[in-house]
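Enquirer: Hey, dropping start_33.cif in here, mmCIF, C-alpha atoms:
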```cif
data_target
#
loop_
_atom_site.label_atom_id
_atom_site.label_comp_id
_atom_site.auth_asym_id
_atom_site.auth_seq_id
_atom_site.Cartn_x
_atom_site.Cartn_y
_atom_site.Cartn_z
CA MET A 1 -68.39 51.26 51.44
CA THR A 2 -70.82 53.11 53.73
CA ARG A 3 -68.23 55.73 54.58
CA VAL A 4 -67.41 56.32 50.91
CA LYS A 5 -71.12 56.58 50.09
CA THR A 6 -71.71 59.15 52.82
CA ILE A 7 -68.73 61.17 51.63
CA LEU A 8 -70.07 61.05 48.07
CA ARG A 9 -73.53 61.96 49.32
CA ASP A 10 -72.27 65.00 51.19
CA THR A 11 -69.67 66.35 48.76
CA LEU A 12 -72.00 65.93 45.78
CA SER A 13 -75.23 66.79 47.65
CA LEU A 14 -76.84 63.60 46.40
CA GLY A 15 -79.30 63.24 49.27
CA ALA A 16 -81.32 60.05 49.16
CA ARG A 17 -79.86 59.11 45.77
CA ALA A 18 -76.72 58.05 47.62
CA ASP A 19 -78.64 55.11 49.12
CA GLN A 20 -79.11 53.70 45.65
CA LEU A 21 -75.40 53.63 44.85
CA THR A 22 -73.91 50.18 44.50
CA ARG A 23 -70.37 49.00 43.81
CA ASP A 24 -71.12 49.08 40.10
CA SER A 25 -72.52 52.62 40.02
CA ALA A 26 -70.50 54.78 37.65
CA LEU A 27 -68.91 57.95 39.04
CA LEU A 28 -66.62 59.69 36.55
CA GLY A 29 -68.51 59.90 33.30
CA GLY A 30 -71.62 58.50 34.99
CA LEU A 31 -72.70 61.01 37.62
CA ALA A 32 -73.21 64.51 36.26
CA GLU A 33 -71.99 65.98 39.57
CA PHE A 34 -68.68 64.15 39.38
CA ASP A 35 -66.36 66.71 37.82
CA SER A 36 -62.76 67.61 38.68
CA LEU A 37 -63.87 69.82 41.56
CA ALA A 38 -65.83 66.90 42.94
CA VAL A 39 -62.72 64.77 42.70
CA VAL A 40 -60.80 67.33 44.75
CA SER A 41 -63.57 67.55 47.36
CA VAL A 42 -63.88 63.79 47.70
CA VAL A 43 -60.13 63.27 47.91
CA THR A 44 -59.76 66.06 50.49
CA MET A 45 -62.53 64.65 52.63
CA LEU A 46 -61.10 61.13 52.46
CA GLU A 47 -57.68 62.46 53.40
CA ASP A 48 -58.95 64.49 56.33
CA GLU A 49 -61.23 61.83 57.76
CA LEU A 50 -58.97 58.86 57.32
CA GLY A 51 -55.63 60.55 57.89
CA ILE A 52 -54.18 59.49 54.53
CA THR A 53 -52.47 61.51 51.82
CA VAL A 54 -53.17 60.71 48.20
CA SER A 55 -50.64 61.57 45.51
CA ASP A 56 -51.56 62.57 41.99
CA ASP A 57 -49.88 59.37 40.72
CA GLU A 58 -52.51 57.36 42.55
CA LEU A 59 -55.39 59.32 41.11
CA SER A 60 -56.31 57.99 37.75
CA ALA A 61 -59.62 57.92 35.98
CA ASP A 62 -59.77 54.21 36.91
CA VAL A 63 -59.94 54.96 40.63
CA PHE A 64 -63.01 57.09 40.12
CA ALA A 65 -64.68 54.90 37.52
CA THR A 66 -67.19 53.37 39.91
CA VAL A 67 -68.12 53.42 43.57
CA GLY A 68 -66.50 49.99 43.85
CA SER A 69 -63.17 51.12 42.38
CA LEU A 70 -63.10 54.07 44.79
CA VAL A 71 -63.90 51.84 47.76
CA ASP A 72 -61.13 49.44 46.75
CA PHE A 73 -58.69 52.32 46.44
CA VAL A 74 -59.61 53.63 49.91
CA ASP A 75 -59.25 50.15 51.41
CA SER A 76 -55.82 49.76 49.85
CA LYS A 77 -54.70 53.12 51.28
CA LEU A 78 -55.94 52.19 54.73
CA ALA A 79 -54.06 48.91 54.55
CA GLN A 80 -50.75 50.69 53.86
CA MET B 1 -73.21 93.65 78.07
CA LYS B 2 -70.46 96.16 77.61
CA SER B 3 -70.01 98.65 74.81
CA ILE B 4 -67.30 97.56 72.47
CA THR B 5 -64.99 99.19 69.97
CA LEU B 6 -63.13 97.88 66.96
CA ASP B 7 -59.69 99.27 66.25
CA ALA B 8 -56.44 98.32 64.58
CA SER B 9 -52.77 99.01 65.01
CA HIS B 10 -49.61 98.43 62.99
CA VAL B 11 -47.10 96.69 65.17
CA PRO B 12 -43.43 95.86 64.52
CA SER B 13 -42.64 92.19 64.11
CA ASP B 14 -39.69 90.13 63.02
CA ARG B 15 -40.08 90.42 59.21
CA GLY B 16 -41.93 93.73 59.07
CA ARG B 17 -44.93 95.53 60.54
CA ILE B 18 -48.12 93.59 60.92
CA LEU B 19 -51.68 94.79 61.36
CA LEU B 20 -53.50 93.80 64.52
CA THR B 21 -57.25 94.18 64.47
CA PHE B 22 -58.84 94.10 67.89
CA TRP B 23 -62.27 94.16 69.47
CA ARG B 24 -62.29 95.46 73.01
CA PRO B 25 -64.72 96.58 75.69
CA VAL B 26 -64.91 100.32 76.31
CA GLY B 27 -62.96 100.68 79.54
CA ALA B 28 -60.78 98.06 81.19
CA CYS B 29 -60.15 94.69 79.57
CA ARG B 30 -60.60 91.78 81.91
CA SER B 31 -58.41 89.53 79.81
CA ALA B 32 -57.34 88.99 76.21
CA VAL B 33 -57.74 86.32 73.56
CA LEU B 34 -55.46 85.83 70.55
CA LEU B 35 -56.98 84.64 67.30
CA VAL B 36 -54.72 82.64 64.99
CA PRO B 37 -55.72 82.68 61.33
CA PRO B 38 -55.94 79.83 58.83
CA PHE B 39 -53.95 79.62 55.62
CA ALA B 40 -54.37 81.87 52.58
CA GLU B 41 -57.89 82.13 51.19
CA GLU B 42 -59.39 80.31 54.19
CA MET B 43 -58.72 83.47 56.18
CA ASN B 44 -60.76 85.63 53.82
CA LYS B 45 -63.69 83.26 54.09
CA SER B 46 -63.42 83.20 57.89
CA ARG B 47 -63.34 86.91 58.63
CA ARG B 48 -67.03 87.01 59.48
CA MET B 49 -66.65 84.18 62.02
CA PHE B 50 -63.75 85.96 63.66
CA ALA B 51 -65.71 89.22 63.72
CA LEU B 52 -68.66 87.51 65.43
CA LEU B 53 -66.30 85.97 67.95
CA GLY B 54 -64.44 89.23 68.57
CA GLN B 55 -67.67 91.13 69.16
CA ALA B 56 -69.03 88.48 71.52
CA LEU B 57 -65.81 88.33 73.56
CA ALA B 58 -65.47 92.09 73.79
CA ALA B 59 -69.08 92.37 74.96
CA ARG B 60 -68.07 90.11 77.87
CA GLY B 61 -65.05 92.20 78.80
CA ALA B 62 -62.29 90.36 76.96
CA ALA B 63 -60.12 91.98 74.29
CA CYS B 64 -59.79 89.89 71.15
CA VAL B 65 -56.81 90.35 68.81
CA LEU B 66 -56.59 89.13 65.21
CA PRO B 67 -53.21 89.52 63.51
CA ASP B 68 -52.77 89.69 59.75
CA LEU B 69 -49.67 87.55 59.49
CA PHE B 70 -46.71 88.96 57.55
CA GLY B 71 -47.43 88.93 53.84
CA THR B 72 -51.19 88.63 54.32
CA GLY B 73 -54.05 91.07 54.67
CA ASP B 74 -52.96 94.60 55.49
CA SER B 75 -49.62 93.66 56.98
CA GLU B 76 -46.31 94.45 55.31
CA GLY B 77 -44.62 92.02 52.99
CA GLU B 78 -45.72 89.86 50.12
CA PHE B 79 -47.16 86.40 50.59
CA VAL B 80 -44.20 84.92 48.73
CA GLU B 81 -41.84 86.36 51.37
CA ALA B 82 -43.67 84.78 54.29
CA ASP B 83 -42.22 81.93 56.26
CA TRP B 84 -43.29 79.75 59.16
CA ASP B 85 -40.81 81.08 61.72
CA GLY B 86 -41.73 84.66 60.83
CA TRP B 87 -45.38 83.86 61.37
CA GLN B 88 -44.66 82.42 64.80
CA GLN B 89 -42.80 85.63 65.61
CA ASP B 90 -45.90 87.54 64.50
CA LEU B 91 -47.97 85.71 67.10
CA GLY B 92 -45.33 86.60 69.68
CA ALA B 93 -45.38 90.25 68.63
CA ALA B 94 -49.18 90.32 68.82
CA SER B 95 -49.07 88.76 72.27
CA LYS B 96 -46.51 91.29 73.55
CA TRP B 97 -48.38 94.25 72.13
CA CYS B 98 -51.60 92.96 73.62
CA ALA B 99 -50.04 92.61 77.08
CA GLN B 100 -48.79 96.20 76.88
CA HIS B 101 -51.95 97.84 75.52
CA LEU B 102 -54.93 95.65 76.37
CA ALA B 103 -54.34 92.72 78.71
CA THR B 104 -52.21 89.60 78.93
CA ILE B 105 -53.26 86.91 76.50
CA GLU B 106 -54.83 84.06 78.48
CA GLY B 107 -56.95 82.50 75.79
CA LEU B 108 -56.37 81.56 72.19
CA VAL B 109 -58.60 80.51 69.31
CA ALA B 110 -56.88 78.93 66.33
CA LEU B 111 -58.61 78.03 63.08
CA ARG B 112 -57.38 75.25 60.78
CA LEU B 113 -53.63 75.62 60.06
CA GLY B 114 -53.53 78.28 62.76
CA ALA B 115 -53.60 75.41 65.25
CA ALA B 116 -50.22 74.10 64.08
CA LEU B 117 -48.81 77.62 64.00
CA ALA B 118 -50.04 78.35 67.52
CA ALA B 119 -48.67 75.04 68.82
CA ASP B 120 -45.24 75.78 67.38
CA ALA B 121 -45.30 79.34 68.74
CA SER B 122 -46.19 78.03 72.20
CA GLU B 123 -43.46 75.40 72.07
CA ALA B 124 -41.01 78.17 71.08
CA ASP B 125 -42.10 80.16 74.16
CA LEU B 126 -43.36 82.99 72.01
CA LEU B 127 -46.72 82.86 73.76
CA PRO B 128 -47.49 82.94 77.50
CA PRO B 129 -49.05 79.89 79.18
CA LEU B 130 -52.66 79.73 78.01
CA GLN B 131 -55.58 79.01 80.32
CA ARG B 132 -57.96 78.18 77.51
CA VAL B 133 -57.25 77.16 73.96
CA VAL B 134 -60.02 76.63 71.44
CA LEU B 135 -59.13 74.84 68.23
CA TRP B 136 -61.55 75.20 65.35
CA GLN B 137 -61.22 72.35 62.85
CA PRO B 138 -57.53 72.10 63.69
CA VAL B 139 -55.00 71.14 61.05
CA PHE B 140 -51.71 69.70 62.30
CA ASP B 141 -50.66 67.76 59.22
CA CYS B 142 -49.06 70.68 57.43
CA ASP B 143 -47.63 68.52 54.66
CA ARG B 144 -51.09 67.30 53.70
CA HIS B 145 -52.43 70.85 53.98
CA LEU B 146 -49.81 71.97 51.45
CA THR B 147 -50.72 69.13 49.10
CA GLN B 148 -54.41 70.02 49.32
CA PHE B 149 -53.62 73.68 48.65
CA LEU B 150 -51.51 72.85 45.59
CA ARG B 151 -54.19 70.46 44.39
CA MET B 152 -56.49 73.47 43.93
CA ARG B 153 -54.25 74.37 41.02
CA THR B 154 -53.89 70.89 39.54
CA ALA B 155 -57.56 69.98 40.01
CA ALA B 156 -58.56 70.38 36.41
CA SER B 157 -55.91 67.97 35.18
CA LEU B 158 -56.74 65.25 37.70
CA THR B 159 -59.39 63.68 35.58
CA GLN B 160 -57.61 63.93 32.26
CA ASP B 161 -55.57 61.08 30.94
CA GLY B 162 -52.76 63.06 29.31
CA ARG B 163 -52.43 65.04 32.45
CA GLY B 164 -50.83 68.42 32.94
CA GLU B 165 -49.19 69.45 36.16
CA THR B 166 -49.13 67.25 39.19
CA VAL B 167 -48.86 68.16 42.83
CA GLU B 168 -45.56 66.28 42.92
CA GLN B 169 -44.12 68.52 40.21
CA LEU B 170 -45.22 71.64 42.04
CA ARG B 171 -43.78 70.38 45.32
CA ARG B 172 -40.49 69.59 43.62
CA ARG B 173 -40.37 73.11 42.21
CA LEU B 174 -40.95 74.54 45.67
CA HIS B 175 -38.37 72.24 47.22
CA GLU B 176 -35.79 73.37 44.69
CA GLY B 177 -36.30 77.04 45.54
CA GLY B 178 -39.03 78.04 43.11
CA THR B 179 -42.44 79.54 43.80
CA VAL B 180 -45.90 78.33 42.86
CA GLU B 181 -48.99 80.44 42.42
CA VAL B 182 -52.30 78.98 43.53
CA ALA B 183 -55.57 80.89 43.39
CA GLY B 184 -53.79 84.23 43.55
CA TYR B 185 -51.39 83.25 46.35
CA GLU B 186 -47.73 82.91 45.42
CA VAL B 187 -46.30 80.26 47.74
CA GLY B 188 -42.62 80.70 48.50
CA SER B 189 -40.06 77.95 48.89
CA ASP B 190 -39.22 78.58 52.55
CA LEU B 191 -42.84 78.41 53.64
CA ALA B 192 -43.49 75.31 51.55
CA ARG B 193 -40.44 73.54 52.94
CA ALA B 194 -41.47 74.39 56.48
CA LEU B 195 -44.97 73.02 55.92
CA ALA B 196 -43.70 69.89 54.19
CA GLY B 197 -41.14 69.25 56.89
CA ARG B 198 -43.10 70.07 60.00
CA HIS B 199 -42.94 67.28 62.56
CA PRO B 200 -46.06 65.19 63.05
CA GLN B 201 -48.07 66.52 65.97
CA ARG B 202 -48.03 64.39 69.05
CA GLU B 203 -49.40 65.79 72.30
CA LEU B 204 -50.67 69.32 72.39
CA PRO B 205 -48.30 71.82 74.07
CA ALA B 206 -47.85 71.56 77.82
CA GLY B 207 -48.49 75.30 78.11
CA TRP B 208 -52.09 74.81 76.94
CA ARG B 209 -53.96 74.30 80.19
CA GLY B 210 -57.47 73.55 78.97
CA VAL B 211 -58.13 72.72 75.33
CA HIS B 212 -61.46 72.66 73.52
CA TRP B 213 -61.27 70.85 70.20
CA MET B 214 -64.18 71.84 67.99
CA GLU B 215 -65.07 70.54 64.56
CA ILE B 216 -67.83 71.01 62.05
CA GLN B 217 -68.98 67.64 60.75
CA ARG B 218 -71.16 66.50 57.95
CA THR B 219 -73.45 64.38 60.08
CA ALA B 220 -74.40 64.73 63.72
CA ASP B 221 -72.96 62.13 66.10
CA ALA B 222 -70.21 61.09 63.70
CA PRO B 223 -66.89 60.40 65.40
CA LEU B 224 -64.13 62.95 64.93
CA PRO B 225 -61.71 62.15 62.10
CA ALA B 226 -59.08 59.57 62.96
CA PRO B 227 -56.14 62.03 62.96
CA SER B 228 -58.00 64.32 65.39
CA GLN B 229 -58.84 61.48 67.73
CA LYS B 230 -55.23 60.35 67.74
CA ILE B 231 -53.86 63.71 68.88
CA ILE B 232 -56.61 64.08 71.47
CA GLU B 233 -55.89 60.63 72.90
CA MET B 234 -52.14 61.20 72.99
CA SER B 235 -52.68 64.54 74.69
CA ARG B 236 -55.00 63.09 77.32
CA ALA B 237 -52.54 60.27 77.93
CA GLY B 238 -49.93 62.96 78.51
CA GLY B 239 -52.09 64.68 81.11
CA ARG B 240 -53.66 67.40 78.97
CA VAL B 241 -57.27 68.38 79.51
CA VAL B 242 -58.97 68.20 76.12
CA GLU B 243 -62.68 68.46 75.52
CA SER B 244 -64.04 67.70 72.10
CA TRP B 245 -67.19 69.14 70.59
CA ALA B 246 -68.78 68.86 67.18
CA THR B 247 -71.60 70.52 65.33
CA THR B 248 -73.01 70.19 61.84
CA GLY B 249 -72.94 72.93 59.23
CA GLU B 250 -71.01 74.45 56.37
CA PRO B 251 -67.23 74.35 56.53
CA PHE B 252 -67.13 78.13 56.63
CA TRP B 253 -63.37 78.39 55.88
CA ALA B 254 -63.99 76.74 52.50
CA SER B 255 -67.50 77.60 51.41
CA THR B 256 -68.08 79.67 48.29
CA GLU B 257 -70.71 81.80 49.97
CA ILE B 258 -69.68 83.36 53.27
CA ALA B 259 -70.99 81.05 55.97
CA THR B 260 -70.99 81.18 59.73
CA SER B 261 -71.67 78.80 62.57
CA ARG B 262 -73.22 80.61 65.47
CA PRO B 263 -73.24 77.49 67.66
CA MET B 264 -69.48 77.30 67.20
CA VAL B 265 -69.05 80.95 68.19
CA GLU B 266 -71.27 80.53 71.25
CA ARG B 267 -69.59 77.33 72.38
CA CYS B 268 -66.21 79.02 71.91
CA VAL B 269 -67.21 82.00 74.07
CA GLU B 270 -68.46 79.62 76.78
CA ALA B 271 -65.28 77.59 76.63
CA LEU B 272 -63.09 80.66 77.00
CA ALA B 273 -65.09 81.84 79.99
CA SER B 274 -65.12 78.45 81.73
#
```
Output the structure of this file as structure tokens.

Expert:
Amino acid sequence: MTRVKTILRDTLSLGARADQLTRDSALLGGLAEFDSLAVVSVVTMLEDELGITVSDDELSADVFATVGSLVDFVDSKLAQ
Amino acid sequence: MKSITLDASHVPSDRGRILLTFWRPVGACRSAVLLVPPFAEEMNKSRRMFALLGQALAARGAACVLPDLFGTGDSEGEFVEADWDGWQQDLGAASKWCAQHLATIEGLVALRLGAALAADASEADLLPPLQRVVLWQPVFDCDRHLTQFLRMRTAASLTQDGRGETVEQLRRRLHEGGTVEVAGYEVGSDLARALAGRHPQRELPAGWRGVHWMEIQRTADAPLPAPSQKIIEMSRAGGRVVESWATTGEPFWASTEIATSRPMVERCVEALAS
């Protein structure tokens, strides 16, 4: 979760607000900064840092609903 | 510090004539460095970094050559006509011209996808053995790079439920011989297939004597990304000398405002002189 939070912090320039994010914190539809460009930035950064490739099929609004759903998605990709 | 000049020359290459821009000391060139550009719009955003590097190297007596690959910049051809083999030939043509007019290429600096291109050109013996290679934020996973590039076009539909285009659809179109336009760049089928099909990078080329792997990171003291570490470890296990270095700052090849990293330029100049 820490890695996802730091990626969110840096791509969205959240600063200290990132420390307050919990699993339940809403992203898409919750955070004003979380638009489609943010999605692209976050996905790119996850891909580059973790060495994974994410297909459009895997990217649904559900994945980006909360910090927790994004963390779970990342964990599932790493387990593949 | 020497006086330097900036000049350019159109040079024949495999698919057509390409423009070589070069910074050089006034008088004899001690050695030469080849710059290998990143993909598409990343090159436009990186021109300033390359200019800073070229000026710094020329001031120390080394010529520095930046090719506009076929179909890009002021070279002949359209972007849609470009292909991976042709681009490797362009690096070879730049290297030959440089040996004839400036000095033999002994050093190389590759940015982002340029790293994969340079590696393939070296493996194809299109480049001489290199004493020093600097890789700036190297990209070797060309398939992922293509996906990320295409995603720039599909971005808006990613967060919609009744979605429009997907990257998969665009890749299929390219695979079947079509073209796809992204942010003003029309990607051709041959280039896309070459990127999608490029072998995974294992060790860095044997002809690269001393490699400096440099990345810009979000936080200081973070480890390099896993894919980078893997290639570095495999290369060291294979006997390559690879030094890694990281700094913090803007990813200048992607930033909306033109950004530079002077520490990266300085470290690069030191590495090439070492």

Enquirer: Check every residue of chain B for an atom within 10 Å of chain A, counting only C-alpha atoms, and provide those that qualify as an NGL selection string.

Expert: :B and (139 or 141 or 143-145 or 147-149 or 151-152 or 154-161 or 163 or 165-169 or 218-219 or 223-228 or 230)

Enquirer: Please determine, counting all atoms listed in the file, which residue among A:Gly29, A:Asp24, A:Asp19, A:Arg9 has the shortest atom-to-atom distance to Leu70 in chain A.

Expert: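 Looking at the shortest contact to Leu70 in chain A, the residue is A:Asp24.
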
Enquirer: Between CA of Thr247 in chain B and CA of Thr21 in chain B, what is the distance, to one decimal in Å?

Expert: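 Value for the CA of Thr247 in chain B-CA of Thr21 in chain B distance: 27.7 Å.
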
Enquirer: Using Å and a single decimal, report how far CA of Gln137 in chain B sits from CA of Arg17 in chain A.

Expert: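 Answer for the CA of Arg17 in chain A to CA of Gln137 in chain B separation: 28.5 Å.
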
Enquirer: Using the chain letters and residue numbers of this document, give as JSON, numbers by chain the residues selected by the PyMOL selection byres ((chain B and resi 68-79) around 12).

Expert: {"B": [8, 9, 10, 11, 12, 13, 14, 15, 16, 17, 18, 19, 20, 21, 22, 34, 35, 36, 37, 38, 39, 40, 41, 42, 43, 44, 47, 65, 66, 67, 80, 81, 82, 83, 84, 85, 86, 87, 88, 89, 90, 91, 92, 93, 94, 114, 117, 179, 180, 181, 182, 184, 185, 186, 187, 188, 189, 190, 191, 192]}

Enquirer: Written as a ChimeraX atom specification, which residues does the PyMOL selection byres ((chain B and resi 56) around 10) give for the file shown?

Expert: /B:1-2,4,23-24,50-55,57-64,265-266,268-269

Enquirer: For the atom pair CA of Leu6 in chain B and CA of Ser261 in chain B, what is the interatomic distance in Å to one decimal place?

Expert: 21.4 Å

Enquirer: Since the input lacks some atoms of range 5-15 of chain B, please model all heavy atoms and print them as an mmCIF file, keeping the file's coordinate frame.

Expert:
```cif
data_model
loop_
_atom_site.group_PDB
_atom_site.id
_atom_site.type_symbol
_atom_site.label_atom_id
_atom_site.label_comp_id
_atom_site.auth_asym_id
_atom_site.auth_seq_id
_atom_site.Cartn_x
_atom_site.Cartn_y
_atom_site.Cartn_z
ATOM 1 N N THR B 5 -65.534 98.461 71.118
ATOM 2 C CA THR B 5 -64.990 99.190 69.970
ATOM 3 C C THR B 5 -64.123 98.243 69.147
ATOM 4 O O THR B 5 -63.621 97.239 69.646
ATOM 5 C CB THR B 5 -64.116 100.384 70.402
ATOM 6 O OG1 THR B 5 -63.025 99.900 71.172
ATOM 7 C CG2 THR B 5 -64.906 101.383 71.215
ATOM 8 N N LEU B 6 -63.993 98.622 67.889
ATOM 9 C CA LEU B 6 -63.130 97.880 66.960
ATOM 10 C C LEU B 6 -62.030 98.831 66.542
ATOM 11 O O LEU B 6 -62.307 99.963 66.168
ATOM 12 C CB LEU B 6 -63.951 97.434 65.751
ATOM 13 C CG LEU B 6 -63.181 96.910 64.532
ATOM 14 C CD1 LEU B 6 -62.468 95.623 64.873
ATOM 15 C CD2 LEU B 6 -64.165 96.678 63.378
ATOM 16 N N ASP B 7 -60.798 98.384 66.612
ATOM 17 C CA ASP B 7 -59.690 99.270 66.250
ATOM 18 C C ASP B 7 -58.576 98.421 65.650
ATOM 19 O O ASP B 7 -58.666 97.189 65.604
ATOM 20 C CB ASP B 7 -59.198 100.009 67.510
ATOM 21 C CG ASP B 7 -58.522 101.331 67.173
ATOM 22 O OD1 ASP B 7 -58.149 101.538 65.983
ATOM 23 O OD2 ASP B 7 -58.342 102.155 68.089
ATOM 24 N N ALA B 8 -57.552 99.058 65.183
ATOM 25 C CA ALA B 8 -56.440 98.320 64.580
ATOM 26 C C ALA B 8 -55.163 99.089 64.812
ATOM 27 O O ALA B 8 -55.175 100.306 65.007
ATOM 28 C CB ALA B 8 -56.677 98.121 63.083
ATOM 29 N N SER B 9 -54.059 98.372 64.784
ATOM 30 C CA SER B 9 -52.770 99.010 65.010
ATOM 31 C C SER B 9 -51.694 98.276 64.223
ATOM 32 O O SER B 9 -51.710 97.050 64.141
ATOM 33 C CB SER B 9 -52.456 98.960 66.511
ATOM 34 O OG SER B 9 -51.340 99.743 66.801
ATOM 35 N N HIS B 10 -50.769 99.053 63.639
ATOM 36 C CA HIS B 10 -49.610 98.430 62.990
ATOM 37 C C HIS B 10 -48.523 98.247 64.030
ATOM 38 O O HIS B 10 -48.156 99.195 64.723
ATOM 39 C CB HIS B 10 -49.098 99.298 61.840
ATOM 40 C CG HIS B 10 -49.755 98.992 60.545
ATOM 41 N ND1 HIS B 10 -50.616 99.868 59.930
ATOM 42 C CD2 HIS B 10 -49.714 97.884 59.748
ATOM 43 C CE1 HIS B 10 -51.062 99.327 58.803
ATOM 44 N NE2 HIS B 10 -50.524 98.122 58.664
ATOM 45 N N VAL B 11 -47.998 97.067 64.088
ATOM 46 C CA VAL B 11 -47.100 96.690 65.170
ATOM 47 C C VAL B 11 -45.824 96.084 64.584
ATOM 48 O O VAL B 11 -45.899 95.298 63.642
ATOM 49 C CB VAL B 11 -47.843 95.643 66.046
ATOM 50 C CG1 VAL B 11 -46.916 94.879 66.931
ATOM 51 C CG2 VAL B 11 -48.948 96.307 66.821
ATOM 52 N N PRO B 12 -44.650 96.458 65.098
ATOM 53 C CA PRO B 12 -43.430 95.860 64.520
ATOM 54 C C PRO B 12 -43.336 94.379 64.866
ATOM 55 O O PRO B 12 -43.664 93.978 65.981
ATOM 56 C CB PRO B 12 -42.290 96.653 65.184
ATOM 57 C CG PRO B 12 -42.880 97.394 66.308
ATOM 58 C CD PRO B 12 -44.363 97.430 66.160
ATOM 59 N N SER B 13 -42.890 93.611 63.877
ATOM 60 C CA SER B 13 -42.640 92.190 64.110
ATOM 61 C C SER B 13 -41.344 91.816 63.429
ATOM 62 O O SER B 13 -40.673 92.664 62.855
ATOM 63 C CB SER B 13 -43.820 91.348 63.599
ATOM 64 O OG SER B 13 -43.615 89.988 63.891
ATOM 65 N N ASP B 14 -41.023 90.559 63.444
ATOM 66 C CA ASP B 14 -39.690 90.130 63.020
ATOM 67 C C ASP B 14 -39.384 90.466 61.558
ATOM 68 O O ASP B 14 -38.299 90.942 61.233
ATOM 69 C CB ASP B 14 -39.576 88.626 63.232
ATOM 70 C CG ASP B 14 -38.140 88.170 63.214
ATOM 71 O OD1 ASP B 14 -37.413 88.520 64.160
ATOM 72 O OD2 ASP B 14 -37.750 87.516 62.243
ATOM 73 N N ARG B 15 -40.338 90.231 60.653
ATOM 74 C CA ARG B 15 -40.080 90.420 59.210
ATOM 75 C C ARG B 15 -40.575 91.767 58.709
ATOM 76 O O ARG B 15 -40.255 92.167 57.587
ATOM 77 C CB ARG B 15 -40.773 89.323 58.386
ATOM 78 C CG ARG B 15 -40.446 87.895 58.799
ATOM 79 C CD ARG B 15 -39.027 87.504 58.448
ATOM 80 N NE ARG B 15 -38.849 86.049 58.504
ATOM 81 C CZ ARG B 15 -38.357 85.391 59.565
ATOM 82 N NH1 ARG B 15 -38.031 86.048 60.655
ATOM 83 N NH2 ARG B 15 -38.217 84.073 59.513
#
```
